[in-house]
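Notes to accompany the following structure.
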There are 2 protein chains.
Amino acid sequence: MTTKPKARTTTGSVDRRALRDGVYDAVLEMLLDGTTPPGSSLGIDSLARELGVSPTPVREALVQMEHTGLVSRTALKGYKVAPPLGPEQMTELLDARTMLELSAVERAAPHTETLLPDLKIAHAEHVLSAHRVRRRQQQHGQAPKGYADLREYFNADWEFHLVIIRAARNRFLLQMAESLSAHVHRLRQSADLGVYDLDQAVAEHAEIIAAFESRDELAPVEAMRAHLAGVAERSVEQA
Amino acid sequence: MTTKPKARTTTGSVDRRALRDGVYDAVLEMLLDGTTPPGSSLGIDSLARELGVSPTPVREALVQMEHTGLVSRTALKGYKVAPPLGPEQMTELLDARTMLELSAVERAAPHTETLLPDLKIAHAEHVLSAHRVRRRQQQHGQAPKGYADLREYFNADWEFHLVIIRAARNRFLLQMAESLSAHVHRLRQSADLGVYDLDQAVAEHAEIIAAFESRDELAPVEAMRAHLAGVAERSVEQA
DNA sequence: AACTCCCATATCCTATAGGATTTATCGTGG
DNA sequence: CCACGATAAATCCTATAGGATATGGGAGTT
């Protein structure tokens with residue numbers, strides 16, 4: 001499996017991506033798939049052999065991933081998959097996310113004119129991927145099990161939020177949001193959501209857009225607050 | 001040549017610090033001293049030779065430092081010191097910090113009883129280091145030039161804020177704050193503050209403590225807001 | 001039977017070497 | 001005098017090897 005020689009040299013492409021970025025993506029995919037149980041040790045040369053590279057880029061990718069909280073390192077002992085988020089940690093995550101996104105909406109409101117087109121595009125992508133997931137679910141009976149199917153939907157959903165955060169014109173807020181994104185994804189992975197969540201999320205996103213279109217200063221904040229409250233409710237519902 | 005490349009093994013402590021952590025601290029110190037001009041390239045094996053280690057731990061330390069924003073990496077080109085914060089970036093930083101710390105104060109208010117002792121200790125340390133800096137300034141005439149003298153004061157000041165943020169009992173907020181700390185330090189380094197700022201900061205911190213002691217829910221938030229507004233005012237005053 | 005000590009294996013951490021790429025310098029032509 | 005191209009040095013990126021350390025199992029003792 002995955003025994004590709006990687007075509008390492010002289011690809012002539014505009015990639016400009018070092019090997020460590022590719023390793024980072026591979027490990028991230030591996031973690032988000034949920035195949036690796038939490039607490040299992042991530043051996044460096046094990047990953048190196050598995051990916052067909054040397055330990056050095058693997059080490060760098062793990063260092064980069066350390067700050068996301070998905071892996072934890074113990075000096076001279078190695079890396080291991082971080083334990084799953086407990087109930088109180090989940091509450092903390094939702095709380096921090098709410099704080100951050102509400103502030104972002106406040107700061108994005110003055111730029112509603114330039115924000116709305118991008119937001120509508122992101123919403124369309126979200127709706128489309130939701131349709132696709134629903135179609136897939138109807139075909140395969142239920143529970144597509146393969147997380148890769150939902151991956152596209154999650155990205156579209158998160159992209160909707162990112163568009164708003166980008167409109168806040170504050171790179172530190174954006175940095176914080178990206179720092180939280182991995183945890184948000186992992187939280188949703190653990191919560192085996194059903195098909196109803198899709199409809200509700202899409203509807204709440206639509207209300208956020210409507211709130212922005214109303215040109216009311218407070219409406220978007222309230223719409224986002226309602227949406228995140230719904231997300232929190234649906235998340236703890238699983239636990 | 002202030003480096004001790006030897007005798008790092010089996011110190012008996014529970015730290016278990018690998019070499020890459022030491023390199024990280026060394027590079028951080030180097031950057032915060034302000035001796036390295038922004039935009040200058042940080043050669044990997046240059047640092048390796050300078051610190052007396054191999055390139056591998058240097059590389060890992062730089063990867064770890066990449067996410068703080070103090071250094072920027074271009075694939076296949078190397079690392080360089082990040083450009084200094086422009087005026088709008090400074091505004092963004094203060095804005096993000098205000099948002100974060102006000103939220104932290106709100107969440108810390110319910111735990112005032114356990115918070116106050118630690119806060120008073122941190123405040124005492126802050127006052128002490130302020131005295132020390134003032135004494136030093138009176139001796140050396142003015143402008144201690146050596147940033148290392150102010151380093152202790154900055155840490156004490158920031159520790160005061162960290163105590164409050166820790167009391168918020170939200171590890172993601174704390175993570176965000178630590179992510180911002182490097183930028184805050186660098187901002188203060190560029191702003192060559194005078195002795196009056198010390199008194200004002202100490203006074204405002206004391207008012208924050210008084211606000212917590214008043215057992216009023218809103219008072220601490222307002223006190224922190226006033227403090228951060230003062231910090232912003234004194235920062236832009238330099239530009 | 002339970003505990004301690006010791007050793008073998010696996011892994012991490014650091015150092016060194018080689019291939020690929022970028023940047024600087026120098027010479028030549030317009 | 002300026003622009004352009006080729007060569008050379010420096011640097012980055014990756015691979016491999018060796019020393020140091022933690023973990024697991026077995027023998028011996030109480």
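We label chains A, B, ... in the order they appear in the structure tokens, count residues from 1 in each chain, and number ligands from 1 in the order shown.
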| message | For a quick test of understanding: name the residues of chain A lying within 7 Å of chain B when counting only C-alpha atoms, and present them as a list in words. | response |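 Every residue meeting the condition is included here: Arg16, Arg17, Ala18, Glu60, Val63, Gln64, Ala75, Glu92, Leu93, Ala96, Asn170, Phe172, Leu173 and Met176 of chain A.
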As a PDB file with C-alpha atoms, in the first residue's frame, list the residues of region 65-176 of chain B assigned to strand (DSSP E or B) by DSSP on the backbone atoms of this structure.
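Saved the output as selection.pdb:
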```pdb
ATOM      1  CA  VAL B  71      10.084  33.813  11.016  1.00  0.00           C
ATOM      2  CA  SER B  72       8.747  33.159   7.562  1.00  0.00           C
ATOM      3  CA  ARG B  73       9.757  30.263   5.385  1.00  0.00           C
ATOM      4  CA  THR B  74       9.878  30.072   1.630  1.00  0.00           C
ATOM      5  CA  GLY B  78      15.104  29.244   3.504  1.00  0.00           C
ATOM      6  CA  TYR B  79      13.996  31.127   6.556  1.00  0.00           C
ATOM      7  CA  LYS B  80      14.151  34.848   7.189  1.00  0.00           C
ATOM      8  CA  VAL B  81      13.236  37.142  10.030  1.00  0.00           C
TER       9      VAL B  81
END
```
| note | The residue from D:DG19, D:DC12, D:DT29, D:DC2 with the smallest atom-to-atom distance to chain A, counting only C-alpha atoms (C1' of nucleotides), is D:DC12
Proximal residues of chain D relative to chain A (only C-alpha atoms (C1' of nucleotides); 12 Å) as a tab-separated table (two decimals) with N, CA and C atoms (P, O5', C5', C4', C3', O3' and C1' of nucleotides), in the first residue's frame:
```tsv
chain	number	residue	atom	x	y	z
D	12	DC	P	20.13	27.74	4.37
D	12	DC	O5'	19.07	26.77	3.65
D	12	DC	C5'	18.28	27.29	2.58
D	12	DC	C4'	17.77	26.14	1.73
D	12	DC	C3'	16.99	25.08	2.52
D	12	DC	O3'	15.74	24.82	1.89
D	12	DC	C1'	18.67	24.06	1.19
D	13	DC	P	14.59	24.03	2.74
D	13	DC	O5'	14.75	22.52	2.25
D	13	DC	C5'	14.47	22.20	0.88
D	13	DC	C4'	14.88	20.78	0.57
D	13	DC	C3'	14.31	19.72	1.51
D	13	DC	O3'	13.48	18.82	0.79
D	13	DC	C1'	16.65	19.39	1.16
D	14	DT	P	12.64	17.72	1.64
D	14	DT	O5'	13.52	16.39	1.58
D	14	DT	C5'	13.92	15.87	0.31
D	14	DT	C4'	15.03	14.86	0.47
D	14	DT	C3'	14.72	13.68	1.40
D	14	DT	O3'	14.62	12.49	0.62
D	14	DT	C1'	16.92	14.52	1.75
D	15	DA	P	14.29	11.07	1.39
D	15	DA	O5'	15.73	10.44	1.62
D	15	DA	C5'	16.61	10.31	0.51
D	15	DA	C4'	17.95	9.74	0.95
D	15	DA	C3'	17.85	8.49	1.85
D	15	DA	O3'	18.71	7.47	1.37
D	15	DA	C1'	19.20	10.17	2.87
D	16	DT	P	18.58	5.98	2.02
D	16	DT	O5'	19.81	5.90	3.03
D	16	DT	C5'	21.14	6.12	2.53
D	16	DT	C4'	22.13	6.25	3.67
D	16	DT	C3'	22.09	5.12	4.72
D	16	DT	O3'	23.37	4.52	4.82
D	16	DT	C1'	22.13	7.25	5.77
D	20	DA	P	27.15	7.75	23.60
D	20	DA	O5'	25.60	7.97	23.92
D	20	DA	C5'	24.99	9.21	23.57
D	20	DA	C4'	23.51	9.20	23.95
D	20	DA	C3'	23.20	8.62	25.34
D	20	DA	O3'	22.27	9.45	26.01
D	20	DA	C1'	21.96	7.46	23.68
D	21	DT	P	21.88	9.08	27.52
D	21	DT	O5'	20.40	8.52	27.37
D	21	DT	C5'	19.44	9.26	26.61
D	21	DT	C4'	18.18	8.44	26.42
D	21	DT	C3'	17.65	7.74	27.70
D	21	DT	O3'	16.29	8.08	27.89
D	21	DT	C1'	17.74	6.22	25.88
D	22	DA	P	15.55	7.80	29.29
D	22	DA	O5'	14.34	6.87	28.85
D	22	DA	C5'	13.38	7.38	27.92
D	22	DA	C4'	12.59	6.24	27.29
D	22	DA	C3'	11.80	5.39	28.28
D	22	DA	O3'	10.51	5.12	27.76
D	22	DA	C1'	13.26	4.02	27.02
D	23	DT	P	9.36	4.51	28.72
D	23	DT	O5'	9.18	3.03	28.15
D	23	DT	C5'	8.86	2.85	26.76
D	23	DT	C4'	9.02	1.40	26.36
D	23	DT	C3'	8.29	0.40	27.27
D	23	DT	O3'	7.55	-0.51	26.48
D	23	DT	C1'	10.55	-0.23	27.04
```
Could you give me, as CSV, every chain C residue with an atom at most 12 Å from chain B, plus its closest atom pair and distance in Å to one decimal, counting only C-alpha atoms (C1' of nucleotides), rows ordered by chain then number?
```
residue,atom,partner,partner_atom,distance
C:DC12,C1',B:Ala18,CA,10.4
C:DC13,C1',B:Ala18,CA,7.9
C:DT14,C1',B:Ser54,CA,7.0
C:DA15,C1',B:Ser54,CA,6.2
C:DT16,C1',B:Ser54,CA,8.9
C:DA20,C1',B:Leu76,CA,9.8
C:DT21,C1',B:Leu76,CA,7.2
C:DT22,C1',B:Lys77,CA,6.9
C:DT23,C1',B:Lys77,CA,9.7
```
Take the residues from that selection and write them out as a compact mmCIF listing (two decimals), in the first residue's frame, keeping C-alpha atoms (C1' of nucleotides).
```
# COMPACT_ATOMS: atom_id res chain seq x y z
C1' DC C 12 14.53 8.33 19.39
C1' DC C 13 18.05 11.93 18.83
C1' DT C 14 22.03 13.87 16.67
C1' DA C 15 25.77 14.04 13.31
C1' DT C 16 27.62 13.60 8.64
C1' DA C 20 19.25 19.61 -6.27
C1' DT C 21 18.25 24.37 -6.46
C1' DT C 22 18.82 29.27 -5.85
C1' DT C 23 21.62 33.34 -5.82
```
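Distance check against Leu32 (chain A) using only C-alpha atoms: of A:Ala210, A:Leu115, A:Leu102, A:Leu150, the minimum falls on A:Leu150.
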| request: Mind giving me the straight-line distance from CA of Val23 (chain A) to CA of Val58 (chain A) in Å, one decimal? | output: 6.3 Å
| So how many Å separate CA of Gln138 (chain A) and CA of His183 (chain A), to one decimal? | 28.9 Å
